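With compact mmCIF, C-alpha atoms and all ligand atoms inside, this is entry.txt:
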# COMPACT_ATOMS: atom_id res chain seq x y z
CA MET I 78 0.00 0.00 0.00
CA LEU I 79 1.13 3.52 -0.83
CA ASP I 80 1.15 5.87 2.10
CA GLN I 81 -1.40 8.16 0.46
CA PRO I 82 -4.09 9.63 2.71
CA VAL I 83 -5.41 12.04 0.08
CA ARG I 84 -7.17 10.36 -2.79
CA PRO I 85 -9.36 12.63 -4.96
CA ARG I 86 -10.83 9.56 -6.67
CA ARG I 87 -12.88 8.82 -3.53
CA ASN I 88 -15.12 11.73 -4.50
CA ARG I 89 -15.73 10.11 -7.89
CA LYS I 90 -16.48 6.60 -6.73
CA SER I 91 -20.24 6.36 -7.38
CA PRO I 92 -23.06 8.32 -8.99
CA VAL I 93 -24.33 9.45 -5.57
CA VAL I 94 -20.92 10.65 -4.41
CA ARG I 95 -20.29 12.33 -7.76
CA ASP I 96 -23.63 14.13 -7.35
CA PHE I 97 -22.49 15.33 -3.91
CA ALA I 98 -19.25 16.66 -5.36
CA ARG I 99 -20.72 18.23 -8.50
CA GLU I 100 -20.04 21.97 -8.62
CA THR I 101 -22.03 23.00 -11.67
CA ARG I 102 -25.49 22.20 -12.92
CA VAL I 103 -27.22 23.02 -16.16
CA GLY I 104 -30.93 22.90 -16.83
CA PRO I 105 -33.72 24.38 -18.92
CA GLU I 106 -34.12 27.21 -16.41
CA HIS I 107 -30.79 28.56 -17.70
CA PHE I 108 -31.74 28.61 -21.38
CA ILE I 109 -32.93 31.25 -23.79
CA TYR I 110 -34.04 29.74 -27.09
CA PRO I 111 -33.34 31.81 -30.26
CA LEU I 112 -35.97 31.73 -33.02
CA PHE I 113 -35.69 32.94 -36.62
CA ILE I 114 -38.92 34.44 -37.88
CA HIS I 115 -40.13 35.86 -41.19
CA ASP I 116 -43.35 37.22 -42.62
CA HIS I 117 -44.29 34.19 -44.73
CA PRO I 118 -46.39 31.15 -43.91
CA SER I 119 -43.76 28.82 -45.36
CA GLU I 120 -40.95 27.31 -43.37
CA VAL I 121 -37.40 27.62 -44.74
CA ALA I 122 -34.64 25.24 -43.61
CA ILE I 123 -31.29 26.82 -42.76
CA LYS I 124 -28.62 24.84 -44.58
CA SER I 125 -25.71 25.65 -42.31
CA MET I 126 -27.80 25.02 -39.16
CA PRO I 127 -29.44 21.61 -39.62
CA GLY I 128 -32.55 21.36 -37.45
CA CYS I 129 -33.14 25.14 -37.38
CA VAL I 130 -35.70 26.87 -39.58
CA ARG I 131 -36.91 30.32 -40.45
CA MET I 132 -40.62 30.34 -39.67
CA GLY I 133 -43.83 32.33 -39.90
CA LEU I 134 -45.76 33.40 -36.82
CA ASP I 135 -48.16 30.42 -36.72
CA ARG I 136 -45.24 28.02 -36.81
CA MET I 137 -43.44 30.20 -34.23
CA MET I 138 -46.35 29.77 -31.81
CA LYS I 139 -46.17 25.97 -32.27
CA GLU I 140 -42.43 26.05 -31.64
CA ILE I 141 -42.89 28.05 -28.44
CA GLU I 142 -45.60 25.67 -27.22
CA GLY I 143 -43.14 22.85 -27.82
CA ALA I 144 -40.41 24.73 -25.98
CA LEU I 145 -42.70 25.25 -22.97
CA ALA I 146 -43.53 21.54 -22.99
CA ASP I 147 -39.75 20.96 -22.85
CA ARG I 148 -39.56 23.40 -19.88
CA VAL I 149 -37.79 26.12 -21.86
CA ARG I 150 -39.45 29.33 -20.68
CA SER I 151 -37.68 32.08 -22.59
CA ILE I 152 -37.11 32.84 -26.27
CA VAL I 153 -35.26 35.51 -28.25
CA LEU I 154 -36.56 36.65 -31.62
CA PHE I 155 -34.44 37.29 -34.72
CA PRO I 156 -36.32 38.52 -37.79
CA ALA I 157 -35.55 38.01 -41.49
CA ILE I 158 -36.94 41.15 -43.12
CA ASP I 159 -38.04 41.25 -46.76
CA GLU I 160 -35.40 42.92 -48.96
CA ALA I 161 -37.97 45.53 -50.09
CA LYS I 162 -38.33 46.80 -46.50
CA LYS I 163 -34.58 47.34 -45.95
CA THR I 164 -33.48 50.98 -46.13
CA ASN I 165 -30.44 53.13 -45.39
CA GLY I 166 -32.24 54.54 -42.35
CA ALA I 167 -33.49 51.11 -41.19
CA GLU I 168 -36.90 52.67 -40.41
CA GLU I 169 -38.62 49.27 -40.33
CA ALA I 170 -36.70 48.59 -37.09
CA HIS I 171 -39.15 50.82 -35.17
CA ASN I 172 -42.35 50.20 -37.11
CA PRO I 173 -44.92 49.35 -34.41
CA GLU I 174 -46.66 47.11 -36.98
CA GLY I 175 -43.39 45.45 -37.98
CA LEU I 176 -42.76 41.72 -37.76
CA VAL I 177 -41.12 41.69 -34.31
CA PRO I 178 -43.76 43.82 -32.52
CA ARG I 179 -46.51 41.67 -34.08
CA ALA I 180 -44.73 38.51 -32.98
CA ILE I 181 -44.34 39.82 -29.42
CA ARG I 182 -48.02 40.80 -29.16
CA ARG I 183 -49.10 37.40 -30.43
CA ILE I 184 -46.89 35.57 -27.90
CA LYS I 185 -48.01 37.78 -25.03
CA GLN I 186 -51.66 37.27 -25.98
CA GLU I 187 -51.56 33.50 -26.39
CA LEU I 188 -48.68 32.43 -24.12
CA PRO I 189 -48.16 35.22 -21.58
CA GLU I 190 -46.01 32.98 -19.37
CA VAL I 191 -43.16 33.06 -21.92
CA THR I 192 -40.34 35.52 -21.23
CA VAL I 193 -39.70 37.35 -24.49
CA VAL I 194 -36.25 38.71 -25.26
CA THR I 195 -35.78 40.96 -28.29
CA ASP I 196 -32.71 41.93 -30.28
CA VAL I 197 -31.91 45.60 -30.73
CA ALA I 198 -29.65 46.25 -33.74
CA LEU I 199 -30.24 47.49 -37.26
CA ASP I 200 -28.69 44.73 -39.39
CA PRO I 201 -31.93 42.91 -40.32
CA TYR I 202 -33.44 46.23 -41.46
CA SER I 203 -30.40 47.96 -42.95
CA ALA I 204 -29.89 48.05 -46.73
CA GLN I 205 -26.17 47.76 -45.95
CA GLY I 206 -26.55 44.88 -43.50
CA HIS I 207 -24.76 46.73 -40.70
CA ASP I 208 -25.86 47.02 -37.08
CA GLY I 209 -25.53 50.80 -37.30
CA LEU I 210 -26.32 53.54 -39.82
CA VAL I 211 -23.68 53.84 -42.53
CA ALA I 212 -22.30 57.18 -43.78
CA PRO I 213 -21.63 57.61 -47.53
CA ASP I 214 -17.92 57.02 -46.88
CA GLY I 215 -18.68 53.71 -45.13
CA ARG I 216 -18.21 54.83 -41.51
CA ILE I 217 -20.69 53.58 -38.91
CA LEU I 218 -22.46 56.55 -37.32
CA ASN I 219 -22.59 55.93 -33.56
CA ASP I 220 -24.81 58.68 -32.16
CA GLU I 221 -27.20 58.80 -35.11
CA THR I 222 -27.63 55.03 -34.79
CA ILE I 223 -28.55 55.34 -31.13
CA GLU I 224 -31.56 57.50 -32.00
CA VAL I 225 -32.90 54.66 -34.15
CA LEU I 226 -32.04 51.94 -31.61
CA VAL I 227 -33.91 53.85 -28.91
CA ARG I 228 -37.05 53.97 -31.07
CA GLN I 229 -36.66 50.27 -31.86
CA ALA I 230 -36.37 49.41 -28.15
CA VAL I 231 -39.43 51.47 -27.21
CA ALA I 232 -41.49 49.87 -30.01
CA GLN I 233 -40.52 46.43 -28.68
CA ALA I 234 -41.36 47.40 -25.09
CA GLN I 235 -44.73 48.80 -26.22
CA ALA I 236 -45.48 45.47 -27.87
CA GLY I 237 -44.74 43.67 -24.59
CA ALA I 238 -41.07 42.58 -24.64
CA ASP I 239 -39.79 41.55 -21.21
CA ILE I 240 -36.07 41.93 -21.88
CA ILE I 241 -34.44 44.17 -24.48
CA ALA I 242 -31.08 42.91 -25.71
CA PRO I 243 -28.98 45.42 -27.65
CA SER I 244 -26.48 43.51 -29.82
CA ASP I 245 -25.29 46.45 -31.92
CA MET I 246 -22.21 47.44 -29.87
CA MET I 247 -22.63 51.22 -30.31
CA ASP I 248 -21.08 53.28 -27.50
CA GLY I 249 -23.62 54.64 -25.03
CA ARG I 250 -26.64 52.72 -26.28
CA VAL I 251 -27.49 51.03 -22.98
CA GLY I 252 -27.83 54.35 -21.15
CA ALA I 253 -29.82 55.90 -23.97
CA ILE I 254 -32.20 52.93 -24.19
CA ARG I 255 -32.64 52.87 -20.38
CA GLY I 256 -33.50 56.57 -20.38
CA ALA I 257 -36.00 56.23 -23.22
CA LEU I 258 -37.67 53.15 -21.71
CA ASP I 259 -38.04 54.90 -18.36
CA GLU I 260 -39.39 58.05 -19.94
CA ALA I 261 -41.98 56.00 -21.83
CA GLY I 262 -43.02 54.33 -18.57
CA PHE I 263 -41.29 50.98 -19.12
CA THR I 264 -39.26 50.96 -15.92
CA GLU I 265 -39.87 47.23 -15.53
CA VAL I 266 -38.47 46.24 -18.91
CA SER I 267 -34.97 44.79 -18.46
CA ILE I 268 -31.85 45.38 -20.52
CA LEU I 269 -29.61 42.42 -21.31
CA SER I 270 -26.60 44.07 -22.90
CA TYR I 271 -24.34 42.32 -25.37
CA THR I 272 -21.41 43.65 -23.36
CA ALA I 273 -18.53 41.74 -24.92
CA LYS I 274 -19.61 40.87 -28.43
CA TYR I 275 -16.68 39.89 -30.58
CA ALA I 276 -16.18 40.34 -34.34
CA SER I 277 -16.39 36.59 -34.78
CA SER I 278 -16.36 34.22 -37.74
CA PHE I 279 -18.70 32.00 -35.75
CA TYR I 280 -21.72 34.17 -36.73
CA GLY I 281 -21.53 32.94 -40.35
CA PRO I 282 -24.47 30.50 -40.24
CA PHE I 283 -26.69 33.09 -38.47
CA ARG I 284 -26.09 35.57 -41.29
CA ASP I 285 -27.09 32.81 -43.76
CA ALA I 286 -30.21 32.22 -41.70
CA LEU I 287 -31.30 35.83 -41.97
CA ASP I 288 -29.56 36.98 -45.17
CA SER I 289 -28.07 39.68 -42.98
CA ALA I 290 -24.37 39.65 -43.87
CA PRO I 291 -22.89 43.14 -44.32
CA LYS I 292 -23.00 44.15 -47.98
CA SER I 293 -19.55 45.73 -47.67
CA GLY I 294 -16.80 45.85 -45.10
CA ASP I 295 -16.91 44.02 -41.79
CA LYS I 296 -18.07 44.75 -38.23
CA LYS I 297 -14.62 45.33 -36.72
CA THR I 298 -15.15 49.02 -35.93
CA TYR I 299 -17.92 48.15 -33.47
CA GLN I 300 -17.63 44.49 -32.46
CA MET I 301 -14.64 43.62 -30.28
CA ASP I 302 -11.27 42.29 -31.41
CA PRO I 303 -11.11 38.55 -30.59
CA ALA I 304 -7.60 39.18 -29.23
CA ASN I 305 -8.88 41.31 -26.33
CA GLY I 306 -9.89 40.23 -22.83
CA ARG I 307 -9.18 43.31 -20.67
CA GLU I 308 -11.29 45.42 -22.99
CA ALA I 309 -14.33 43.33 -22.01
CA LEU I 310 -13.93 44.68 -18.46
CA ARG I 311 -14.05 48.22 -19.79
CA GLU I 312 -17.28 47.48 -21.64
CA LEU I 313 -18.65 45.86 -18.48
CA GLU I 314 -17.92 48.93 -16.38
CA LEU I 315 -19.75 51.17 -18.83
CA ASP I 316 -22.76 48.86 -19.15
CA GLU I 317 -23.09 48.72 -15.37
CA LEU I 318 -22.93 52.51 -15.09
CA GLU I 319 -25.47 52.87 -17.90
CA GLY I 320 -27.96 50.62 -16.14
CA ALA I 321 -27.67 47.18 -17.75
CA ASP I 322 -29.51 44.52 -15.72
CA MET I 323 -27.64 41.59 -17.25
CA VAL I 324 -24.53 41.36 -19.38
CA MET I 325 -23.55 39.01 -22.17
CA VAL I 326 -20.45 37.43 -23.67
CA LYS I 327 -20.68 36.26 -27.27
CA PRO I 328 -19.63 33.79 -28.66
CA ALA I 329 -19.45 31.45 -25.66
CA GLY I 330 -17.20 28.42 -26.22
CA PRO I 331 -14.10 30.17 -27.59
CA TYR I 332 -14.48 32.96 -24.98
CA LEU I 333 -14.84 31.06 -21.69
CA ASP I 334 -11.99 33.11 -20.22
CA VAL I 335 -13.97 36.28 -20.87
CA ILE I 336 -17.03 34.83 -19.14
CA TYR I 337 -14.79 33.93 -16.20
CA ARG I 338 -13.25 37.41 -16.02
CA LEU I 339 -16.66 39.07 -16.06
CA ARG I 340 -17.83 36.62 -13.37
CA GLN I 341 -15.02 37.84 -11.09
CA ALA I 342 -15.80 41.49 -11.83
CA THR I 343 -19.59 41.80 -11.62
CA THR I 344 -22.51 40.88 -9.39
CA LEU I 345 -24.91 41.04 -12.34
CA PRO I 346 -26.25 37.90 -14.01
CA ILE I 347 -24.10 36.90 -16.98
CA ALA I 348 -25.44 35.44 -20.20
CA ALA I 349 -23.37 33.64 -22.82
CA TYR I 350 -24.43 33.05 -26.41
CA GLN I 351 -23.54 29.68 -27.88
CA VAL I 352 -23.72 31.08 -31.41
CA SER I 353 -24.67 29.63 -34.77
CA GLY I 354 -21.12 28.55 -35.65
CA GLU I 355 -20.76 26.66 -32.38
CA TYR I 356 -24.06 24.91 -33.10
CA ALA I 357 -22.99 24.16 -36.68
CA MET I 358 -19.69 22.61 -35.54
CA LEU I 359 -21.40 20.31 -33.04
CA LYS I 360 -24.10 19.36 -35.56
CA ALA I 361 -21.65 18.64 -38.36
CA ALA I 362 -19.47 16.42 -36.20
CA ALA I 363 -22.54 14.63 -34.85
CA GLN I 364 -23.97 14.06 -38.33
CA ASN I 365 -20.67 12.56 -39.42
CA GLY I 366 -20.71 10.22 -36.47
CA TRP I 367 -17.54 11.85 -35.10
CA LEU I 368 -19.03 13.01 -31.79
CA ASP I 369 -21.78 11.74 -29.55
CA GLU I 370 -24.12 14.69 -30.01
CA LYS I 371 -25.94 14.45 -26.69
CA LYS I 372 -22.78 14.10 -24.61
CA ALA I 373 -20.83 16.73 -26.52
CA VAL I 374 -23.64 19.29 -26.42
CA LEU I 375 -24.35 18.83 -22.71
CA GLU I 376 -20.61 19.09 -21.99
CA SER I 377 -20.35 22.30 -24.02
CA LEU I 378 -23.25 23.80 -22.03
CA LEU I 379 -21.82 22.66 -18.71
CA GLY I 380 -18.48 24.26 -19.63
CA ILE I 381 -20.20 27.58 -20.27
CA ARG I 382 -21.95 27.36 -16.90
CA ARG I 383 -18.72 26.37 -15.12
CA ALA I 384 -16.96 29.42 -16.60
CA GLY I 385 -19.56 31.56 -14.81
CA ALA I 386 -22.56 32.07 -17.07
CA ASP I 387 -25.99 32.12 -15.41
CA ILE I 388 -27.90 32.16 -18.68
CA ILE I 389 -27.14 30.42 -21.99
CA LEU I 390 -28.60 31.38 -25.34
CA THR I 391 -28.49 28.17 -27.36
CA TYR I 392 -30.11 26.67 -30.44
CA TYR I 393 -29.90 23.38 -28.56
CA ALA I 394 -32.20 24.64 -25.77
CA ARG I 395 -35.13 22.31 -26.50
CA GLN I 396 -33.05 19.28 -27.31
CA ALA I 397 -30.74 19.75 -24.32
CA SER I 398 -33.76 20.04 -22.01
CA THR I 399 -35.13 16.80 -23.41
CA TRP I 400 -31.78 15.06 -22.95
CA LEU I 401 -31.43 16.39 -19.40
CA ALA I 402 -34.89 15.07 -18.51
CA GLU I 403 -33.88 11.58 -19.69
CA ARG I 404 -30.96 11.30 -17.31
C1 LIG A 1 -26.73 40.91 -35.17
C2 LIG A 1 -26.60 39.61 -34.46
C3 LIG A 1 -25.75 38.59 -34.87
C4 LIG A 1 -25.98 37.51 -34.02
C5 LIG A 1 -26.96 37.89 -33.10
N1 LIG A 1 -27.33 39.21 -33.39
C6 LIG A 1 -24.82 38.52 -36.02
C7 LIG A 1 -23.83 39.59 -36.21
O1 LIG A 1 -23.47 40.34 -35.30
O2 LIG A 1 -23.38 39.71 -37.34
C8 LIG A 1 -25.27 36.20 -34.14
C9 LIG A 1 -25.89 35.02 -33.50
C10 LIG A 1 -25.35 33.73 -33.95
O3 LIG A 1 -24.38 33.63 -34.72
O4 LIG A 1 -25.93 32.72 -33.53
N2 LIG A 1 -27.05 42.02 -34.45
Rewrite the structure of this file - the entire thing - as structure tokens.
Ligand code: PBG
Amino acid sequence: MLDQPVRPRRNRKSPVVRDFARETRVGPEHFIYPLFIHDHPSEVAIKSMPGCVRMGLDRMMKEIEGALADRVRSIVLFPAIDEAKKTNGAEEAHNPEGLVPRAIRRIKQELPEVTVVTDVALDPYSAQGHDGLVAPDGRILNDETIEVLVRQAVAQAQAGADIIAPSDMMDGRVGAIRGALDEAGFTEVSILSYTAKYASSFYGPFRDALDSAPKSGDKKTYQMDPANGREALRELELDELEGADMVMVKPAGPYLDVIYRLRQATTLPIAAYQVSGEYAMLKAAAQNGWLDEKKAVLESLLGIRRAGADIILTYYARQASTWLAER
């Protein structure tokens, strides 16, 4: 016998003991389920995201009923807007009769128990496919964009959104949106800020899903440089001062260190977005038989929780909940 009083394996010796020692849990209560909607009755498959579709509002209601049955209680809406409605000024973003406000009203009427999160950014509505307004010379106009974002946020709140999630990365937008919501009487509507949103190649399949890729240039003058971690703390400080209720890191898997750093630095709830490219990688490997999909997906979600995320936005929300219930 070795003289070895300390043996970490004792805490792994049986399922019951492993349950005692488990530090992190993941469940449907942590998930927000992203949905792609459009203004057509037909359903369109998204090639680079097998299992995800772009759907009309009737189909959306069915999907949300299914999600509730799977114990997923929150969704986030991403619209595909008809090309004809896209303009330089992205006016459709704040049309009270636009697709997103109509979708919110329908959900709140028929399934009021669902927590509805909405995206604030101009890319689905912009003729240029950018999150902000674009000057003739190609620059993204920060302060002018904020005026449009504020109107978009108020239109979403008026329709009944519970949580407004600005993903545009303009400077000062959280404070401006908070002020406008309060002034319009929506003091109870929350802001989930995309605090550290990186200029990532992992958004590729999402832009296919919505036909929302920038027509020219890239998003590097507003989304963060993937090389930077400290800068996320600077964004965090500003979002806290401006009144964000929750903060987000995006993508999730390649940025677990950023989630961890924010966890050390804030008392606010942290969300992490397992983005389209992360979903596509897992799906592709699973479809090739190279990974056990269930195990790999649940491990990826657990890793995001272990890094410090309270909330996970994931296209796997329904399926993961089903898998978790089986165990
Ligand atoms: C745009 C937006 C993007 C995503 C969410 N909101 C794409 C982008 O910034 O270009 C990406 C989500 C994903 O990839 O799953 N405001």
Practice prompt. Could I get the residue neighbourhood of ligand LIG 1 (chain A) at 7 Å, counting all atoms listed in the file, as number ranges by chain?
Written response: I: 196, 198-200, 208, 244-245, 279-284, 290, 351-354
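Among I:Gln81, I:Val94, I:Phe108, I:Ala384, the residue with the shortest atom-to-atom distance to I:Asp147, counting all atoms listed in the file, is I:Phe108.
Ranking I:Lys296, I:Lys274, I:Arg382, I:Lys360 by their shortest atom-to-atom distance to I:Glu312, with all atoms listed in the file included, puts I:Lys274 first.
Comparing I:Leu176, I:Ile184, I:Ile336, I:Ala212 by their smallest distance to I:Asp159, the closest is I:Leu176 (using all atoms listed in the file).
Proximity to I:Lys139 was assessed for I:Arg383, I:Lys163, I:Arg183, I:Lys371 counting all atoms listed in the file; the smallest distance is recorded for I:Arg183.
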